[in-house]
Structure formats: C-alpha cells, structure tokens
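Asker: Can you read through this structure? Questions will come right after.
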Amino acid sequence: MARPTMGKLSFEAYPLRPVPGAPAPPVAAHLPVFIYGTAWKKEHTADLVHQAISSGFRAIDTAAQPKHYREDLVGEGVRRAIREGIVRREDLHIQTKFTSVNGQSPNNMPYDPSTSITQQVHASIASSLHNLRTNDSTPKPQGSDKGTSEDSYIDVLLLHSPLPTMSQTLEAWTAAETYVPHRIRNLGISNTTLPILRELSSLVRVPPAVVQNRFYVATQFDVPLREFCREQRAGIVYQSFWTLTANPELLRSRPVGELAEWAGVSREQALYCLVLGLGRTTVLNGTTDRGRMWGDLAALGAVERVAGEKPKVWEEVLEEFRGLVGDSVAL
C-alpha cells in the first residue's frame with residue numbers, strides 16, 4: 001500500500017462520516033485530534049472537564065460505566081461551560097460508551113443486568129442522554145424511553161469492547177443503530193481486534209466511524225488495524241489511549257527527543273504529535289494539570305510551525321518514528 005501523501009502538516013479535526021437526516025442546526029461531524037479523557041477523575045470530573053474546555057479542548061470522552069467514570073459530572077462540567085458562554089454544545093464532540101455487564105460493577109450499573117442486551121443498550125443510552133443533557137431542568141429518564149432528554153445528543157457512541165460473541169456484539173450494535181442520526185451521530189468500538197472490526201464492519205447498517213484502542217507494543221501498535229481503518233470508505237478514525245503510560249521506550253526514543261528539542265516542547269508532547277503524525281489518528285489526553293492542558297494544545301501549533309519551516313526534518317523524524325512502531329513495514 002502506498003504511503004499517504006504528506007502535505008503541509010496540520011493538526012486539524014478529522015471529518016467523520018456524514019450524518020444525513022441529522023436535525024437542524026447542522027452539526028459539523030468533526031473529531032478534534034486531542035480528546036479529553038475522563039476516566040478515574042471521580043468527584044473532580046466536573047471541574048476538570050470545565051478546565052479542559054476552558055483551556056481549549058473541544059472533544060470529551062466518557063462512558064456509562066460508574067466503576068471508572070462519572071458521566072453525570074462530565075455533563076455538569078459541560079453545562080457549566082455552556083452557561084458561561086465558553087462554548088456551544090455544537091462546538092463540542094462528546095462521546096460515551098455502552099459497557100457490557102462484564103465491565104460493570106455489580107452494584108452500580110446504568111441498567112438492569114437481568115434484561116436483554118437490547119434493553120441494556122436502550123437503558124444505558126437513556127442514562128447517557130440524561131447525563132450529557134444541556135438543560136439542567138430535564139427530568140431523569142425512566143426505563144429505556146428514547147424520548148427523554150430532548151435537548152441532548154451524543155456525537156459518537158462506542159461499544160466499550162466487543163461482547164463475548166459476535167451475535168451479542170451485533171445485538172448491541174443494532175440497538176444503538178436505532179438512534180442514528182438524531183440522538184447519536186456516529187458509532188464506534190473500543191478494545192477491539194482487526195478480525196472483529198473487519199467482521200463487524202461487513203455486517204452492520206451503520207459502519208464504525210471510530211476505533212479506540214490501546215496504542216502499545218503488545219498489539220504491535222495496531223499497524224494492520226490502523227491500515228484497515230485508513231482503507232475504509234470515508235475512513236475510520238483511530239483513537240489512541242495509554243499513549244504515554246504504556247510507551248516509556250517510545251518516550252525515551254531518539255525521534256521523540258529530537259522533535260522535542262527542535263520544537264521546544266516536552267518529550268510527552270513530542271510523542272503525542274508523532275502519534276498524530278501517523279495519519280487519521282487522534283489521542284486521548286487525560287491530564288489533570290491546567291498548565292499541561294494549555295501546553296499540550298499549544299504544542300500542536302509549535303510542531304506545525306517547525307514542520308512548516310523544516311519539512312524535511314519533520315519527515316525524517318516522522319519516518320524514524322514510523323519505523324519504531326512498524327508502520328514502515330505495513331506501508
């Protein structure tokens with residue numbers, strides 16, 4: 001496969017698949033390259049989401065999984081930012097997840113685990129639409145009523161992982177499809193393998209627009225999977241998580257150090273930018289430090305400027321980085 005043509009480096013948002021029939025006002029289905037991750041933020045979630053939006057983040061990731069996320073407080077942080085005029089809802093990309101029973105705490109889940117997978121998906125989505133509403137006065141939904149939280153919508157709903165069988169995965173996906181495009185703009189999947197992604201994509205009415213996976217050596221950095229994503233019509237956006245935590249060797253690598261020095265950014269920021277440079281890739285960023293929120297976003301512009309001034313240097317550094325993660329072999 002030919003390597004993607006490199007023009008002027010730009011860390012702009014990626015367009016997602018068009019959503020024909022979406023209600024007015026038209027929503028620009030674009031996914032910013034940095035997505036603010038809200039896992040494990042606990043009672044600080046609302047304040048951190050508000051800080052992230054104030055700092056310039058325009059994409060938020062959460063999940064209907066009380067075990068690790070406070071989706072309700074994500075919504076509170078978003079509503080606070082909207083009330084203060086910092087942002088409009090249509091300027092944000094907000095994504096959440098349906099988490100199956102195996103990923104939930106037995107004593108705290110957003111649905112009745114004794115019901116069917118279809119009913120679980122409906123109840124989980126109803127809960128998410130309520131949590132992520134823009135109107136504070138919207139009453140809490142009862143059961144799995146799709147008509148609740150009329151003002152709210154979800155930009156992308158992901159399956160948090162494939163279910164134990166493809167039949168179960170398809171049941172969950174089919175239930176989620178009934179909300180597209182009016183309440184949910186696009187669908188995606190997390191923690192998946194290439195065989196499952198390929199089979200799922202061939203069987204569903206609404207194909208995946210997003211794949212969110214750990215980016216690390218244990219999966220050979222998902223090289224074949226990311227190639228599959230690029231090959232799909234309209235493309236699938238790959239979302240990298242654990243980008244820093246799981247990759248201390250990459251963080252210490254020569255291309256990361258060289259880019260950090262040339263662009264005047266930290267090694268962490270250089271690694272983020274090199275991962276983004278792989279193409280049609282976004283990164284979850286869960287920093288709790290306000291200064292790093294500003295700094296990470298500013299680093300995108302700093303690397304863009306260096307790449308514009310010294311395109312050959314950028315290409316050489318990126319080529320070496322591609323070699324480290326195996327892309328040069330696949331491409």
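Residues are named by chain letter and number: chains run A, B, ... in the order of the structure tokens, numbers start at 1 in each chain, and ligands are numbered from 1 in the order shown.
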Any chance you could list, as a PyMOL selection string, the residues in range 76-277 of chain A that come up helix (DSSP H, G or I) when DSSP is run on the backbone?

Answerer: chain A and resi 76-83+89-91+101-103+117-131+166-177+194-203+217-231+248-251+254-263+267-276

Asker: Give me the range 18-125 of chain A side of the contact with range 155-168 of chain A, cut-off 7 Å, one line per residue showing its nearest atom pair and distance in Å at one decimal, counting only C-alpha atoms, sorted by chain and residue number, as JSON lines.

Answerer:
{"residue": "A:His93", "atom": "CA", "partner": "A:Asp155", "partner_atom": "CA", "distance": 5.8}
{"residue": "A:Ile94", "atom": "CA", "partner": "A:Asp155", "partner_atom": "CA", "distance": 5.4}
{"residue": "A:Gln95", "atom": "CA", "partner": "A:Val156", "partner_atom": "CA", "distance": 4.6}
{"residue": "A:Thr96", "atom": "CA", "partner": "A:Leu157", "partner_atom": "CA", "distance": 5.2}
{"residue": "A:Lys97", "atom": "CA", "partner": "A:Leu158", "partner_atom": "CA", "distance": 4.6}
{"residue": "A:Phe98", "atom": "CA", "partner": "A:Leu159", "partner_atom": "CA", "distance": 5.1}
{"residue": "A:Thr99", "atom": "CA", "partner": "A:His160", "partner_atom": "CA", "distance": 5.1}
{"residue": "A:Ser100", "atom": "CA", "partner": "A:Leu163", "partner_atom": "CA", "distance": 7.0}

Asker: Taking only C-alpha atoms into account, which of A:Ala123, A:Glu84, A:Asp136, A:Leu92 comes nearest Asp72 in chain A?

Answerer: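 The closest residue to Asp72 in chain A is A:Asp136.
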
Asker: Which residue gives the smallest distance to Glu315 in chain A among A:Ala298, A:Ser266, A:Leu73, A:Leu9, with only C-alpha atoms counted?

Answerer: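 Among the listed residues, A:Leu9 lies closest to Glu315 in chain A.
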
Asker: Please list as a list in words every residue within 6 Å of range 270-276 of chain A, counting only C-alpha atoms and excluding residues in the same chain fewer than 3 positions away.

Answerer: Val256, Leu259, Ala260, Arg267, Thr281 and Thr282 of chain A

Asker: Do a neighbour search on Pro195 in chain A at 12 Å with only C-alpha atoms, toss out local chain neighbours closer than 2 positions, and write the hits as a list in words.

Answerer: Pro162, Met166, Thr192, Thr193, Leu197, Arg198, Glu199, Leu200, Ser201, Ser202, Asp222, Pro224, Leu225 and Phe228 of chain A

Asker: Dump C-alpha atoms for the selected residues as a PDB file, in the first residue's frame?

Answerer:
ATOM      1  CA  PRO A 162     -16.791  -6.430  21.791  1.00  0.00           C
ATOM      2  CA  MET A 166     -20.297 -11.720  17.563  1.00  0.00           C
ATOM      3  CA  THR A 192     -11.194  -4.443  19.502  1.00  0.00           C
ATOM      4  CA  THR A 193      -9.076  -6.649  17.265  1.00  0.00           C
ATOM      5  CA  LEU A 197     -13.567  -4.996  13.410  1.00  0.00           C
ATOM      6  CA  ARG A 198     -13.481  -6.418   9.888  1.00  0.00           C
ATOM      7  CA  GLU A 199     -16.405  -8.775  10.507  1.00  0.00           C
ATOM      8  CA  LEU A 200     -18.450  -6.155  12.324  1.00  0.00           C
ATOM      9  CA  SER A 201     -17.915  -3.600   9.543  1.00  0.00           C
ATOM     10  CA  SER A 202     -19.191  -6.094   6.965  1.00  0.00           C
ATOM     11  CA  ASP A 222      -2.215  -1.874  15.808  1.00  0.00           C
ATOM     12  CA  PRO A 224      -2.709  -3.716  10.374  1.00  0.00           C
ATOM     13  CA  LEU A 225      -5.810  -2.457  12.171  1.00  0.00           C
ATOM     14  CA  PHE A 228      -7.698  -1.198   7.662  1.00  0.00           C
TER      15      PHE A 228
END

Asker: Can you tell me which residues surround range 284-287 of chain A at a distance of at most 8 Å, considering only C-alpha atoms, apart from same-chain residues fewer than 2 positions away, and format the answer as a ChimeraX atom specification?

Answerer: /A:34-39,61,239-243,282,289-290,292-293

Asker: Report the residues of range 89-194 of chain A whose backbone DSSP state falls under strand (DSSP E or B), written as a list in words.

Answerer: His93, Ile94, Gln95, Thr96, Lys97, Phe98, Ser105, Asn108, Ile154, Asp155, Val156, Leu157, Leu158, Leu159, Ile184, Arg185, Asn186, Leu187, Gly188, Ile189 and Ser190 of chain A

Asker: Hey, can you spit out that residue selection with C-alpha atoms as a PDB file, in the first residue's frame?

Answerer:
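again-v1.pdb, written as the output of this step:
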ATOM      1  CA  HIS A  93     -17.552  16.459  20.250  1.00  0.00           C
ATOM      2  CA  ILE A  94     -18.855  14.349  23.137  1.00  0.00           C
ATOM      3  CA  GLN A  95     -18.529  10.597  23.036  1.00  0.00           C
ATOM      4  CA  THR A  96     -19.562   7.952  25.508  1.00  0.00           C
ATOM      5  CA  LYS A  97     -19.718   4.176  25.660  1.00  0.00           C
ATOM      6  CA  PHE A  98     -22.044   1.291  26.266  1.00  0.00           C
ATOM      7  CA  SER A 105     -19.513  -3.002  38.945  1.00  0.00           C
ATOM      8  CA  ASN A 108     -23.644   0.118  40.237  1.00  0.00           C
ATOM      9  CA  ILE A 154     -24.182  12.032  21.550  1.00  0.00           C
ATOM     10  CA  ASP A 155     -21.599  12.586  18.832  1.00  0.00           C
ATOM     11  CA  VAL A 156     -20.207   9.047  18.992  1.00  0.00           C
ATOM     12  CA  LEU A 157     -21.368   6.061  20.999  1.00  0.00           C
ATOM     13  CA  LEU A 158     -18.761   3.323  21.276  1.00  0.00           C
ATOM     14  CA  LEU A 159     -19.116  -0.243  22.399  1.00  0.00           C
ATOM     15  CA  ILE A 184     -26.403   9.601  18.161  1.00  0.00           C
ATOM     16  CA  ARG A 185     -24.375  10.913  15.220  1.00  0.00           C
ATOM     17  CA  ASN A 186     -21.917   8.028  14.739  1.00  0.00           C
ATOM     18  CA  LEU A 187     -20.960   4.682  16.246  1.00  0.00           C
ATOM     19  CA  GLY A 188     -17.604   3.175  17.162  1.00  0.00           C
ATOM     20  CA  ILE A 189     -15.914   0.403  19.093  1.00  0.00           C
ATOM     21  CA  SER A 190     -13.117   0.232  21.647  1.00  0.00           C
TER      22      SER A 190
END

Asker: May I ask which of the residues A:Gln269, A:Gln104, A:Leu244, A:Thr288 is the closest one to Gln51 in chain A, counting only C-alpha atoms?

Answerer: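 So, comparing all the options, the nearest one is A:Thr288.
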
Asker: Using only C-alpha atoms, determine which residues lie at most 9 Å from Pro32 in chain A, disregarding the query and same-chain residues fewer than 3 positions distant; provide the list as a list in words.

Answerer: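 The filter keeps Phe11, Glu12, Ala13, Tyr14, Pro15, Ile35, Phe57, Arg58, Ala59, His93 and Thr282 of chain A.
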
Asker: Can I get the selected residues back with N, CA and C atoms, as a PDB file, in the first residue's frame?

Answerer:
ATOM      1  N   PHE A  11      -2.745  19.795  12.324  1.00  0.00           N
ATOM      2  CA  PHE A  11      -3.443  19.012  13.339  1.00  0.00           C
ATOM      3  C   PHE A  11      -4.882  19.494  13.473  1.00  0.00           C
ATOM      4  N   GLU A  12      -5.572  19.565  12.350  1.00  0.00           N
ATOM      5  CA  GLU A  12      -6.978  19.966  12.361  1.00  0.00           C
ATOM      6  C   GLU A  12      -7.848  18.757  12.705  1.00  0.00           C
ATOM      7  N   ALA A  13      -9.108  19.030  13.010  1.00  0.00           N
ATOM      8  CA  ALA A  13     -10.039  17.955  13.320  1.00  0.00           C
ATOM      9  C   ALA A  13     -10.285  17.090  12.089  1.00  0.00           C
ATOM     10  N   TYR A  14     -10.538  15.810  12.319  1.00  0.00           N
ATOM     11  CA  TYR A  14     -10.863  14.899  11.232  1.00  0.00           C
ATOM     12  C   TYR A  14     -12.366  14.877  10.991  1.00  0.00           C
ATOM     13  N   PRO A  15     -12.782  14.940   9.735  1.00  0.00           N
ATOM     14  CA  PRO A  15     -14.220  14.784   9.464  1.00  0.00           C
ATOM     15  C   PRO A  15     -14.641  13.347   9.704  1.00  0.00           C
ATOM     16  N   ILE A  35      -8.557  14.491  22.516  1.00  0.00           N
ATOM     17  CA  ILE A  35      -9.833  14.198  23.163  1.00  0.00           C
ATOM     18  C   ILE A  35      -9.572  14.133  24.660  1.00  0.00           C
ATOM     19  N   PHE A  57      -9.852  22.423  24.873  1.00  0.00           N
ATOM     20  CA  PHE A  57     -10.284  21.108  24.403  1.00  0.00           C
ATOM     21  C   PHE A  57     -11.718  21.216  23.876  1.00  0.00           C
ATOM     22  N   ARG A  58     -11.967  20.528  22.770  1.00  0.00           N
ATOM     23  CA  ARG A  58     -13.302  20.553  22.175  1.00  0.00           C
ATOM     24  C   ARG A  58     -13.846  19.146  21.940  1.00  0.00           C
ATOM     25  N   ALA A  59     -13.199  18.165  22.524  1.00  0.00           N
ATOM     26  CA  ALA A  59     -13.690  16.790  22.458  1.00  0.00           C
ATOM     27  C   ALA A  59     -13.547  16.162  23.842  1.00  0.00           C
ATOM     28  N   HIS A  93     -17.384  17.876  20.584  1.00  0.00           N
ATOM     29  CA  HIS A  93     -17.552  16.459  20.250  1.00  0.00           C
ATOM     30  C   HIS A  93     -17.586  15.723  21.586  1.00  0.00           C
ATOM     31  N   THR A 282      -6.147  10.107  16.352  1.00  0.00           N
ATOM     32  CA  THR A 282      -6.377  11.068  17.419  1.00  0.00           C
ATOM     33  C   THR A 282      -5.852  10.474  18.720  1.00  0.00           C
TER      34      THR A 282
END

Asker: Skip Ala46 in chain A itself and residues of its chain fewer than 5 positions away, then list as a PyMOL selection string all residues within 12 Å of it, counting only C-alpha atoms.

Answerer: chain A and resi 38-39+41+51-53+60+62+69-81+131-132+288

Asker: With distances taken over only C-alpha atoms, which residue among A:Tyr153, A:Thr115, A:Ala263, A:Glu171 lies nearest Ala307 in chain A?

Answerer: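 Of the candidates, the smallest distance to Ala307 in chain A is held by A:Ala263.
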
Asker: How far is it from CA of Thr169 in chain A to CA of Ser152 in chain A, in Å with one decimal?

Answerer: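 Taking CA of Thr169 in chain A as the start and CA of Ser152 in chain A as the end point, the length is 25.3 Å.
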